[in-house]
Structure formats: structure tokens, C-alpha cells
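Here's the structure we're looking at; comments come further down.
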There are 2 protein chains.
Amino acid sequence: MNMKLLDTYSGFAIDFSRMNISAAALNNLKDKFASAMREMAALEAGAIKNPDENRKVTHFTDRAAYRTAPLFEEVESFARKIRSGELRGATGKRFDAVVVNGIGGSALGPQLLQFALNGPYWNEWSAAQRKNGLKIYFLDNTDSSGIRDLVAVMDPERTLHLAISKSGGTQETRNNMLVLEAFYRSRNLDFGGFSCAVTMPGSELDRYAGEHRFLKTFPMAESIGGRTSETAIVGHVPAALTGIDFRMFLEGACRMDAWTRNNDYRSNPAAMLAGMWYLAGNGKGDRNMVIVPYSDRLVLLSRYLQQLVMESLGKELDLDGNVVHQGLNVFGNKGGTDAHAFIQQLNDGRDDFFATFIEVLQDAAYLPVADGPSMGDYLHGFLHGLAAALSGKKRPVIIIQIATVSPANLGALIALYERAVAIYAELIHINAFHQPGVQAYKLAAKGTLAVREQLFAKLANRPVSGTAAELAAQAGLEDKISDVAGWLDRAALNPAAYRVERKYNAEAADWVYIVR
Amino acid sequence: MNMKLLDTYSGFAIDFSRMNISAAALNNLKDKFASAMREMAALEAGAIKNPDENRKVTHFTDRAAYRTAPLFEEVESFARKIRSGELRGATGKRFDAVVVNGIGGSALGPQLLQFALNGPYWNEWSAAQRKNGLKIYFLDNTDSSGIRDLVAVMDPERTLHLAISKSGGTQETRNNMLVLEAFYRSRNLDFGGFSCAVTMPGSELDRYAGEHRFLKTFPMAESIGGRTSETAIVGHVPAALTGIDFRMFLEGACRMDAWTRNNDYRSNPAAMLAGMWYLAGNGKGDRNMVIVPYSDRLVLLSRYLQQLVMESLGKELDLDGNVVHQGLNVFGNKGGTDAHAFIQQLNDGRDDFFATFIEVLQDAAYLPVADGPSMGDYLHGFLHGLAAALSGKKRPVIIIQIATVSPANLGALIALYERAVAIYAELIHINAFHQPGVQAYKLAAKGTLAVREQLFAKLANRPVSGTAAELAAQAGLEDKISDVAGWLDRAALNPAAYRVERKYNAEAADWVYIVR
């Protein structure tokens, strides 16, 4: 059995020979593989593959059609007009930067492509170096420091704001948008005249964009989940605005899709990858997946895959409702750098992982070191030296090779992992396309915010003072003392927002708060 | 027993109450704690605590003395002269940027401080915004794309090069330095006149710096390992050049040192932290450590701790030579963002981790969202909502609170984790201060590079063609076919460096190479 699969056209290669997994072990899975491939075919034919949300899953198929869809050209045309200055902000100035406001699936993919293809110093390039591609910033949290840091470098009249939220109600994205809108208003600028959006038609964001007369709102399909939306419009709009060749990115993804539709698992790299994960981790994720691209430009790949894999596979229930607590941990950074950090543990410590190395065969530049091997030779030597060292200890390694960090190869990498995740989900019989834990967490967060509201509403006779326990009792929150303490601590350190002080009472060994 | 420890002066708090670990369980470790504290005292008194390398371990003690050492003032003075323009590059221009060339322990700490304290867009600030602090770039690999990306934005005559290598022989750092030296030479610029270094006196780098008349070479202590060098000169020089208050950083670290020298584990946060790790992971690291700072500025903390923890604790042998394969996996990114990514798995999936949340109590700015809670309120709500959701499922959580992302609090965080790692190493009876796996890997990499040399030296009668197996045989490398194939693939894709082509032979299902 061939443990090294290769696409001779693109040079994309994946080598499983160091996984210590036999052809026989894989063959034992052949019925599972066959069933998984049937399910994948059904998925691509339009079956409901996300039963909880009663929806289809179309990211594998939509991207092929998207290449020739009118919407594709609409995005390209919008980006062209922005970059050429034909389409300008509300005060008539040419756009020079875009702020991508989105979180999770609306951020990690655009960040990955931006860093990989435009590099770490893109925003320091001149407009000529950027060929009028926009500088790019990301707001992917509800942290006031993100806004403060942005505002310190942002020229409001030359900045395009792109809000991305499928549901249109994502709290963090909404927060950033409303805060930016207020910022623009305070400068007598019409925020909508500098804004565009990607969201599902009819969503809250869609309505907001309409009311505020955004320059443009692009529609997002309901059947494409956030973490698999990079090959859809979510990836396209930021990419086009910075001049990334999104068509080639899609070509690479579609080429990988064609390869990984192969029903013979032995020549299907996604099926083989899923099978390796399954066998390495006993079908339960007992080994962590360590992702180490030997490439500065691919440093965000592990973070991207962390979301794709863990959000898809980390599930409590299987499709029959049994409690299974599945998952597959993903972490990593980049090689050879990591060899001077955590790889000490991979070499010598816990045998609880399999490593995936990604090699970029073609150097960005030929840089000989004195008269010896080149920079790239050393990088190659370090990768294969480490692979040999790990193999010598029977620690499993997968090696993926790509020719260059190109749009097509990024598309291929993403499509490979998307399908491996979907097949692995079939092998372990779970729904890879929902995220019930995220919903549960959102509810819990609402509960915590409700404590804040109740606390300060109920402490009416101010000033009032006491420990967290005492004030909680006064506010009818006796069962929420820890939450109350959290809000009081926060309030004490944010005088602009709250009128709370705290002093430590050494005798009681507790804070005493004064709420004014 | 108090599961929440607090420094009322700084507001630094750490809450273990959600770890589901009882006072009785901790008390069972009291002899181990006592022994660990004795060992820590011996370490600080100058005992040989790294027996393999027969050296002392002085990072806990040296930083206190360093604050008033002449070397401290020497670094500050050097940085002042660079920033004021008193000290200039070889062509008389004022320095505007520094390139920090170092890897692992010589990079992750400076990167953490830079991003946390100067923010993500520092290099886009004007010199006035930076108060003449230098822009900063990092070379932390032997990837030609790192150099290419740097050169695209670098003004050679206004850039200071800082090489950091304790041993002075780190290959990646050496490579970058030699390549940059050649780049400067090609422009008739004297590289040494734009360079400074941090290294052990007498090292290869020290000699190189002397020969090339570097502007300055700072000495590095032999007794401070790379991954614990951020509070020493390795951290100081980059920090001073960008205007970070390193003295306050040291004050924070020393204050934490004083706190964590407490022999009563119950009021020593480092001992408690180490005990929690130990009990949560059965003394074998059975639970992954997930680090989630709720702060955009602290996004690199998980990467820093990943090195500190995994390189220190991931060991094959204990101090008595028994095979133990120890370790403690660390990963993470930032909250609330991660709640839209991998935290689905933490909520619902494998119960194989403990989470550590780091909260920054004071907002960077007061930004109300419309008329409701502020950005920071939401962030606080998300953190405590997630903590509640996880606790509800008995998934263990530690919550650390700091008032602000300040130099002192970063010093405290680093000092806390450094000591927790050292104490944990005592609990599991390993050497936390060596890295034998990294040495083994370096040897393996040399072996791989030797294959390259032999391959191309032995293929003398060119042109010669064949499969990797055939060419390996001709070069006397029959037992290294995989390595040979790797070098040939690389060579085929790097025409500037090699004269190798490859064509796929479909019949043989193999590449055929022509070496010219």
C-alpha cells in the first residue's frame, strides 16, 4: 500500500509512512470508509447533514459553482472600484485600509490568507507596493484595547469597515460596529458611508446595513457554517480588497475536492488523513494533533485548523444521542522555530501526539549562508532531521509538501482538512456541523451580564458599602456571590464606567466595596 | 482553606476554587511541597540545579540584583543614545528600527512584551507616537521568506541589528546574521556598524561581533537558560530600544518572587499552581493546560508559556535516570475570541484539560455599546459565563486577574509561571533546566544535511538521471532513500540553487530526476 499520496500536477504530497499504521489496520476500517464516502456523496447531493439545525452543508459544492457565479464578479468589481478609487467614502476620499470586523469563522480564515499571502508587514508597504490593495486590520473580540489600538492608526475617512456575521447578531461584531458608529458620529461622519457587510439576507446586520445605507451588503448562504466559510464570500471580500487571487484559491480547493471525492480511501488523501487520526487516537482523539508548518508565512495555520477541527469534532453526543465526549486537540506554531521551544517535549516527553509537518519546497529566495547550504537547505534539514528523530522513537509524523505558499495551495490545504474533518466525523458518527457548546456558553454569558444589571439596579440607596457577600444579599443575589464579586472588582477598576471603590479589610481578609 | 490568593498591593489574584481539588488532596502533597521549597531555597542559594550541564540556575535571583547592576544602566544608556540619535549607524543616519535576530528563548519573551505593551500596530506609528522608540522586527527562523519580507520594508542605514544567542552558535541566528551581513556587503555597507549582540563572553558570536566591530556586545550569564531569560538582558535590550519600562517589569517579577518564596504552600501562588497542575493531571500531565487570556494584547502569552512549560517539563528521564516521559501540553489563544473556535470542544468534548483564564480588570478604554453594557462588560461577562458553563460540567478552571496589561504585571505573570514550573519539576523529580531532546534533534538535522552534501558530491558524472532510489545507490546512500528523495524534490523546485529537474514517470509511479 502506498503511504505517500501525490498530485503530480500541483506537487501536493502527503506522506503517512511515519505514522506506524499498517495497511491492515486501515483495511479494517474499509466498511467505515465506504459508509463515510456514501455520506459525503449524500452531503454533496444536498442531504440534510446538520440534523440539529435541519440544514444542508454546502461548502464543498458551492465553491465550485461560486467561481462562475454573478456574485463572484460582483465582489471582484466592488473590490476593483474600491482599490481604484472609483468608489469612495462618504467624504470623497479614496479608501486606503479595511477593518474586518468578525470573529471565529469570520476572522481566522481571512487572517490566515492575509498573513500567508501578503506577509507580516503588508500594512507597512506603500500603496504602490500594495498595488492599491487596502491595508487590513482585524477586530475579532469585544476588547476595548482592540478599538483603542485601531483608532491610534486609523484614518477614519480613508477606512472601509467590513462587518462579517452570518447570523448578523454576533455580539462581539455588533459591539465593535456600534462603537465604531458612535466614534464616526462623534466626528460628524456617516458610518454607513464607509461601511459594507457580509451577512444572511434578512439578518439583524442586514437590516442595520440597510438603515445606515452601507455602501454594499453581500449575502451569505445559510448552508455554510462559519468555520468552513473561507472558500465562500467570507473569505472572498477581504481577499479581493487586498488583491489576493481568490479565483486561484478556489481552483486549489476545487482540485483538492476532486481528488478527495475518490471512493477508494487508499488514494484519497482526506480519507487517509481521517483514518490516520482515527487509528492514532483510538477513535477518541487520544493523541493531540500538533501542526508545524516549516514556514514563517504559515504560522497561523495551526490556529485556523484548531478552530476547524476542535469546533467540528469536540462534541458531547453522537448522532444517536449517546454521550461520547469526542474531540481532537490541535496546537502548533511553526518550524524550525518550535524546535527551540515545545518540541523538546515531543522528542522526549509524553507520547500523546502525532505531528503534522508542512513543508514548502520552494524557497522564497535563494540565500546561501556564507558558502555552505542555503537558508532553505537548513530549514529542510531541520524538518527532516526532526522527523527522523521522532520516527526513531516511534512517535508518529505526517509530512505534507507543497511547492509554494500560493493561493491554490492554501485552497488545497483548507479543502483537504475540511474533508478530512467531515470524514472523521462520519467515522466517529457525530455531527461535525453544529456547535451546541457555543450556544450554551452564550446563554451562560447572558446570565452573568444579567447579574450585573440586577446588582446595580437593586443597590438603589447609595452610597452603600459592604463585602461582595453583603452586597449580593442586598441585591437578592445571595446565590451569585462569586459573580457579584467579579462585577464589583471590575467596577472598582473602571472609574469612567462605574462609581465603585474597594478597600481591603485585612481583618476580614476580604474586599469592602463602596458603591456610590 | 483559601482557594483564592491575592496581592492587595498590585491586585494580582488567582482563584483555584473551580479546580475541583480539595484542601485534603493538596495537604497530601505537603511533604512534597516542603521538599520542593527546600530545593528552591537551595537553588536560590546557588546549588547546582542543572546536573546534566553542571550549572547553577540563577534567573530567580539575578533579576533582583540586576535592577541596580551597572549593566542595567549600560543597557539603558545604550538605548537612550540610540533613540536620541547620539549613537548612529555607520553612515551617520539615525536608527529608526531594530531587527531582533534570535530564536526560542531569545525571541518569544521579547515578542510577548512588545505585543502586550506596545501593541499590534507599533511599527505603523510615527516616530513621535513612538517617542523615538525603535520599530521592531523579529527573525526567529531560518526561512528565506522571513528575510525577504524584512528586506521589503527595511531601510538598511536606519536599522539596528540585534543578534541574541546565548551559546553564540545557534544555527538559525547565525544564518540570518551571515545572510544580512552579505546583504549589507552587497550594498557596500559595513554590517558591524549597524549591529549589536547579546551572548556569552567568548562565544562564537562574541568573536564575530569583535571581528566585525559591532557597536556593542552585551554579556549573557551562563547560568540563565534561554526560556527563562526574559527578565535578564535578553529581555532588556529589545525592551529598552522600544521604550518599555523594563525596571517596572523587573519590579513586578521580583514582587512575585518574594510572594512565591513563601514556604507555606497554601499562601504561595506558585506552589498552589504547581499543585493544581500535579493533581489535575495525576502527576503525569494527563490534562492539557489551555491558556486563555481575555485580552487582545496578551494573545502571545500561550505561545510563551508553551515554551516555558513544555521545554522545561517534557522530559524522558527523571533525576534518578528512570524513564518517565513527562510533560504538560500547553495551548491557547485569546478569549472571548476562542469561544467561537475551539472552546466548543472544551465545553462539550474530551474532558482532558484544565483552562486558565487571565482577566484584565481595567479596560483600555470605556466604550459603552449603545446605551447598554460596555465592551469590557461584555468581555467580563463572556469570561465568567464560560467559567460558569465549564464549572457546571465539572471541567476545571483557574482564573487569574490582573489590573492592567502593564510591565509590572507581565513580570509577575512570568515570574509566577517560572516558579510554578520549577516547583512542579520538583514534585515530579525531573530537571527543568536542560533540553536534551533539542540537542538530539540538532544532531539528527546535521545528519540530514550531511546526506545532501554526500549526495551532490558523489553524483560526479553529470548529467545523471534516475529515481531517488537509483541516485541514492549511486551516491552510496542506499539506506537514506527517503532523505535523498527529499533533497532531490527540494532541488528540483529551487533552480537558483540546484541544477535538478524532475519528471513524473506514471508507469513507475515515481519521480525521475535529472541532476546536471
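Labels for the C-alpha cells follow display order: chains A, B, ..., residues from 1 in each chain, ligands from 1.
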
Quiz item: Once you count only C-alpha atoms, which residues of chain B turn out to be within 6 Å of chain A? Could you give them as JSON, numbers by chain?
Solution: {"B": [104, 141, 142, 144, 145, 175, 179, 307, 310, 311, 314, 315, 316, 325, 326, 327, 337, 340, 341, 342, 344, 345, 347, 348, 349, 350, 361, 362, 364, 365, 369, 375, 379, 381, 382, 385, 386, 437, 438, 441, 444, 445, 448, 449, 490, 493, 494]}

Exercise. Tell me which protein, DNA and RNA residues are within 9 Å of A:Lys394, counting only C-alpha atoms, leaving out same-chain ones fewer than 6 positions away, and put them as a ChimeraX atom specification.
Key: /A:18-20

Could those selected residues go to a file with C-alpha atoms, as a CSV table (one decimal), in the first residue's frame?
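Just written: part.csv:
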```csv
chain,number,residue,atom,x,y,z
A,18,ARG,CA,5.9,7.6,9.5
A,19,MET,CA,2.6,7.1,11.3
A,20,ASN,CA,3.4,3.5,12.2
```

Quiz item: When DSSP works through the backbone of this structure, what residues of stretch 379-470 of chain A end up as alpha helix (DSSP H), shown as a PyMOL selection string?
Solution: chain A and resi 379-392+407-428+436-458+468-470

Self-check item: Residue contacts of B:Gly252 (9 Å, only C-alpha atoms) excluding same-chain residues fewer than 4 positions away, as an MDAnalysis selection string
Solution: chainID B and resid 10 247:248 256:257 407:413 415

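Inside stretch 239-458 of chain A, the residues DSSP reads as strand (DSSP E or B) when given the backbone are Asn288, Met289, Val290, Ile291, Val292, Pro293, Tyr294, Leu317, Val323, Val330, Phe331, Gly332, Phe353, Phe354, Ala355, Thr356, Phe357, Ile358, Glu359, Val360, Pro368, Ser374, Val397, Ile398, Ile399, Ile400, Gln401 and Ile402 of chain A.
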
The selected residues should be written to file as an mmCIF file, in the first residue's frame (atoms: N, CA and C atoms).
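Written out: part.cif:
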```cif
data_model
loop_
_atom_site.group_PDB
_atom_site.id
_atom_site.type_symbol
_atom_site.label_atom_id
_atom_site.label_comp_id
_atom_site.auth_asym_id
_atom_site.auth_seq_id
_atom_site.Cartn_x
_atom_site.Cartn_y
_atom_site.Cartn_z
ATOM 1 N N ASN A 288 -2.974 14.206 20.635
ATOM 2 C CA ASN A 288 -3.102 15.579 20.174
ATOM 3 C C ASN A 288 -2.506 15.721 18.772
ATOM 4 N N MET A 289 -3.123 16.584 17.969
ATOM 5 C CA MET A 289 -2.618 16.872 16.631
ATOM 6 C C MET A 289 -1.733 18.120 16.706
ATOM 7 N N VAL A 290 -0.444 17.920 16.475
ATOM 8 C CA VAL A 290 0.486 19.057 16.540
ATOM 9 C C VAL A 290 0.825 19.482 15.120
ATOM 10 N N ILE A 291 0.467 20.713 14.792
ATOM 11 C CA ILE A 291 0.610 21.226 13.420
ATOM 12 C C ILE A 291 1.840 22.133 13.350
ATOM 13 N N VAL A 292 2.826 21.729 12.569
ATOM 14 C CA VAL A 292 4.065 22.518 12.488
ATOM 15 C C VAL A 292 4.427 22.799 11.033
ATOM 16 N N PRO A 293 3.943 23.912 10.487
ATOM 17 C CA PRO A 293 4.384 24.292 9.148
ATOM 18 C C PRO A 293 5.805 24.860 9.236
ATOM 19 N N TYR A 294 6.672 24.386 8.373
ATOM 20 C CA TYR A 294 8.027 24.953 8.329
ATOM 21 C C TYR A 294 8.009 26.152 7.398
ATOM 22 N N LEU A 317 -22.404 14.561 22.241
ATOM 23 C CA LEU A 317 -23.281 13.462 21.816
ATOM 24 C C LEU A 317 -22.924 12.973 20.423
ATOM 25 N N VAL A 323 -23.816 9.782 24.864
ATOM 26 C CA VAL A 323 -22.767 10.677 25.366
ATOM 27 C C VAL A 323 -21.408 10.092 24.986
ATOM 28 N N VAL A 330 -5.815 20.322 18.873
ATOM 29 C CA VAL A 330 -4.892 20.816 17.849
ATOM 30 C C VAL A 330 -4.089 21.964 18.427
ATOM 31 N N PHE A 331 -2.785 21.915 18.283
ATOM 32 C CA PHE A 331 -1.981 23.104 18.571
ATOM 33 C C PHE A 331 -0.723 23.088 17.741
ATOM 34 N N GLY A 332 0.009 24.163 17.764
ATOM 35 C CA GLY A 332 1.249 24.267 16.997
ATOM 36 C C GLY A 332 1.599 25.707 16.742
ATOM 37 N N PHE A 353 0.779 12.381 21.100
ATOM 38 C CA PHE A 353 0.514 13.290 19.972
ATOM 39 C C PHE A 353 0.894 12.606 18.660
ATOM 40 N N PHE A 354 0.454 13.185 17.574
ATOM 41 C CA PHE A 354 1.103 12.932 16.291
ATOM 42 C C PHE A 354 1.390 14.293 15.684
ATOM 43 N N ALA A 355 2.534 14.419 15.064
ATOM 44 C CA ALA A 355 2.930 15.705 14.496
ATOM 45 C C ALA A 355 2.584 15.731 13.018
ATOM 46 N N THR A 356 2.178 16.887 12.524
ATOM 47 C CA THR A 356 1.990 17.097 11.096
ATOM 48 C C THR A 356 2.908 18.226 10.666
ATOM 49 N N PHE A 357 3.889 17.895 9.860
ATOM 50 C CA PHE A 357 4.806 18.906 9.344
ATOM 51 C C PHE A 357 4.330 19.324 7.958
ATOM 52 N N ILE A 358 4.362 20.599 7.680
ATOM 53 C CA ILE A 358 4.051 21.080 6.340
ATOM 54 C C ILE A 358 5.309 21.728 5.781
ATOM 55 N N GLU A 359 5.775 21.180 4.675
ATOM 56 C CA GLU A 359 6.996 21.713 4.069
ATOM 57 C C GLU A 359 6.661 22.506 2.817
ATOM 58 N N VAL A 360 7.298 23.654 2.661
ATOM 59 C CA VAL A 360 7.199 24.449 1.442
ATOM 60 C C VAL A 360 8.485 24.218 0.665
ATOM 61 N N PRO A 368 22.189 31.739 0.181
ATOM 62 C CA PRO A 368 23.237 30.863 0.725
ATOM 63 C C PRO A 368 23.805 31.449 2.011
ATOM 64 N N SER A 374 22.025 26.708 1.876
ATOM 65 C CA SER A 374 21.234 27.940 1.926
ATOM 66 C C SER A 374 20.299 27.926 3.134
ATOM 67 N N VAL A 397 4.427 10.812 12.709
ATOM 68 C CA VAL A 397 4.590 12.061 11.959
ATOM 69 C C VAL A 397 3.931 11.926 10.591
ATOM 70 N N ILE A 398 3.215 12.966 10.186
ATOM 71 C CA ILE A 398 2.723 13.108 8.812
ATOM 72 C C ILE A 398 3.511 14.254 8.184
ATOM 73 N N ILE A 399 3.930 14.086 6.941
ATOM 74 C CA ILE A 399 4.608 15.196 6.255
ATOM 75 C C ILE A 399 3.815 15.572 5.010
ATOM 76 N N ILE A 400 3.407 16.834 4.953
ATOM 77 C CA ILE A 400 2.733 17.371 3.769
ATOM 78 C C ILE A 400 3.723 18.271 3.048
ATOM 79 N N GLN A 401 3.798 18.138 1.741
ATOM 80 C CA GLN A 401 4.657 19.044 0.970
ATOM 81 C C GLN A 401 3.818 19.842 -0.010
ATOM 82 N N ILE A 402 4.100 21.124 -0.067
ATOM 83 C CA ILE A 402 3.522 21.966 -1.119
ATOM 84 C C ILE A 402 4.682 22.689 -1.789
#
```

Quiz item: Which residues, written as a PyMOL selection string, have at least one atom at most 10 Å from B:Arg83, with only C-alpha atoms counted and residues fewer than 6 positions away on the same chain left out?
Solution: chain B and resi 77+94-97+127+131-134+240-243

Residue subset to file, keeping N, CA and C atoms, as a compact mmCIF listing (two decimals), in the first residue's frame:
```txt
# COMPACT_ATOMS: atom_id res chain seq x y z
N SER B 77 21.49 53.21 28.92
CA SER B 77 22.26 54.29 28.31
C SER B 77 22.43 54.05 26.81
N ARG B 94 20.26 58.28 11.67
CA ARG B 94 19.65 57.93 12.93
C ARG B 94 18.89 56.60 12.80
N PHE B 95 19.01 55.77 13.82
CA PHE B 95 18.30 54.48 13.80
C PHE B 95 16.80 54.70 14.00
N ASP B 96 16.02 53.97 13.23
CA ASP B 96 14.57 54.06 13.35
C ASP B 96 13.93 52.68 13.62
N ALA B 97 14.70 51.62 13.48
CA ALA B 97 14.15 50.26 13.63
C ALA B 97 15.22 49.33 14.16
N ALA B 127 7.34 58.23 14.50
CA ALA B 127 8.42 58.29 15.49
C ALA B 127 7.96 59.09 16.71
N LYS B 131 7.68 57.99 20.60
CA LYS B 131 8.66 58.70 21.43
C LYS B 131 10.07 58.23 21.10
N ASN B 132 10.33 58.10 19.82
CA ASN B 132 11.62 57.65 19.30
C ASN B 132 11.99 56.22 19.69
N GLY B 133 11.06 55.49 20.25
CA GLY B 133 11.31 54.04 20.39
C GLY B 133 11.44 53.46 18.99
N LEU B 134 12.30 52.47 18.84
CA LEU B 134 12.52 51.92 17.51
C LEU B 134 11.36 51.02 17.08
N ALA B 240 14.23 48.02 26.02
CA ALA B 240 14.75 49.39 26.18
C ALA B 240 14.74 50.13 24.84
N LEU B 241 15.05 49.43 23.77
CA LEU B 241 15.12 50.08 22.46
C LEU B 241 13.75 50.55 21.98
N THR B 242 12.68 49.92 22.48
CA THR B 242 11.34 50.36 22.08
C THR B 242 10.67 51.19 23.18
N GLY B 243 11.39 51.44 24.26
CA GLY B 243 10.85 52.33 25.28
C GLY B 243 9.99 51.66 26.34
```

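Using only C-alpha atoms, the shortest contact distance between B:Ala23 and any of B:Asp318, B:Gly275, B:Met37, B:Asp245 is found at B:Gly275.
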
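From atom CA of A:Ser35 back to atom CA of A:Leu427, the distance works out to 8.4 Å.
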
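Of note, atom CA of A:Ala271 and atom CA of A:Phe115 are spaced 28.7 Å apart.
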
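The spacing separating atom CA of B:Asn431 from atom CA of B:Glu418 amounts to 13.6 Å.
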
Quiz item: Skipping near chain neighbours, those fewer than 5 positions away, what residues fall within 9 Å of B:Met272 using only C-alpha atoms, listed as a PyMOL selection string?
Solution: chain B and resi 3+16+26+265-267+277+420

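Of the residues under consideration (B:Thr260, B:Thr61, B:Asn268, B:Asn101), B:Thr61 shows the shortest atom-to-atom contact distance to B:Ile224 when counting only C-alpha atoms.
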
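Restricting the calculation to only C-alpha atoms, the smallest distance between A:Val237 and any of A:Gln114, A:Ser302, A:Ser84, A:Asn263 is found for A:Gln114.
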
Quiz item: Counting only C-alpha atoms, what is within 9 Å of A:Pro463, bar same-chain residues fewer than 2 positions away, as JSON, numbers by chain?
Solution: {"A": [459, 460, 461, 465, 514, 515, 516]}

Using N, CA and C atoms, can you write the selected residues to a file as a CSV table (one decimal), in the first residue's frame?
```
chain,number,residue,atom,x,y,z
A,459,LEU,N,-29.1,48.0,44.1
A,459,LEU,CA,-28.4,48.8,45.1
A,459,LEU,C,-28.8,50.2,44.9
A,460,ALA,N,-30.0,50.5,45.3
A,460,ALA,CA,-30.6,51.8,45.0
A,460,ALA,C,-30.2,52.9,46.0
A,461,ASN,N,-30.2,52.6,47.2
A,461,ASN,CA,-29.9,53.6,48.3
A,461,ASN,C,-28.4,53.8,48.4
A,465,SER,N,-22.2,50.3,51.2
A,465,SER,CA,-20.9,49.6,51.3
A,465,SER,C,-21.0,48.2,51.9
A,514,ILE,N,-17.5,50.2,48.1
A,514,ILE,CA,-18.4,51.3,48.3
A,514,ILE,C,-19.0,51.7,46.9
A,515,VAL,N,-20.3,51.5,46.8
A,515,VAL,CA,-21.0,51.8,45.6
A,515,VAL,C,-21.7,53.1,45.7
A,516,ARG,N,-21.3,54.1,44.9
A,516,ARG,CA,-21.9,55.4,45.0
A,516,ARG,C,-22.9,55.6,44.0
```
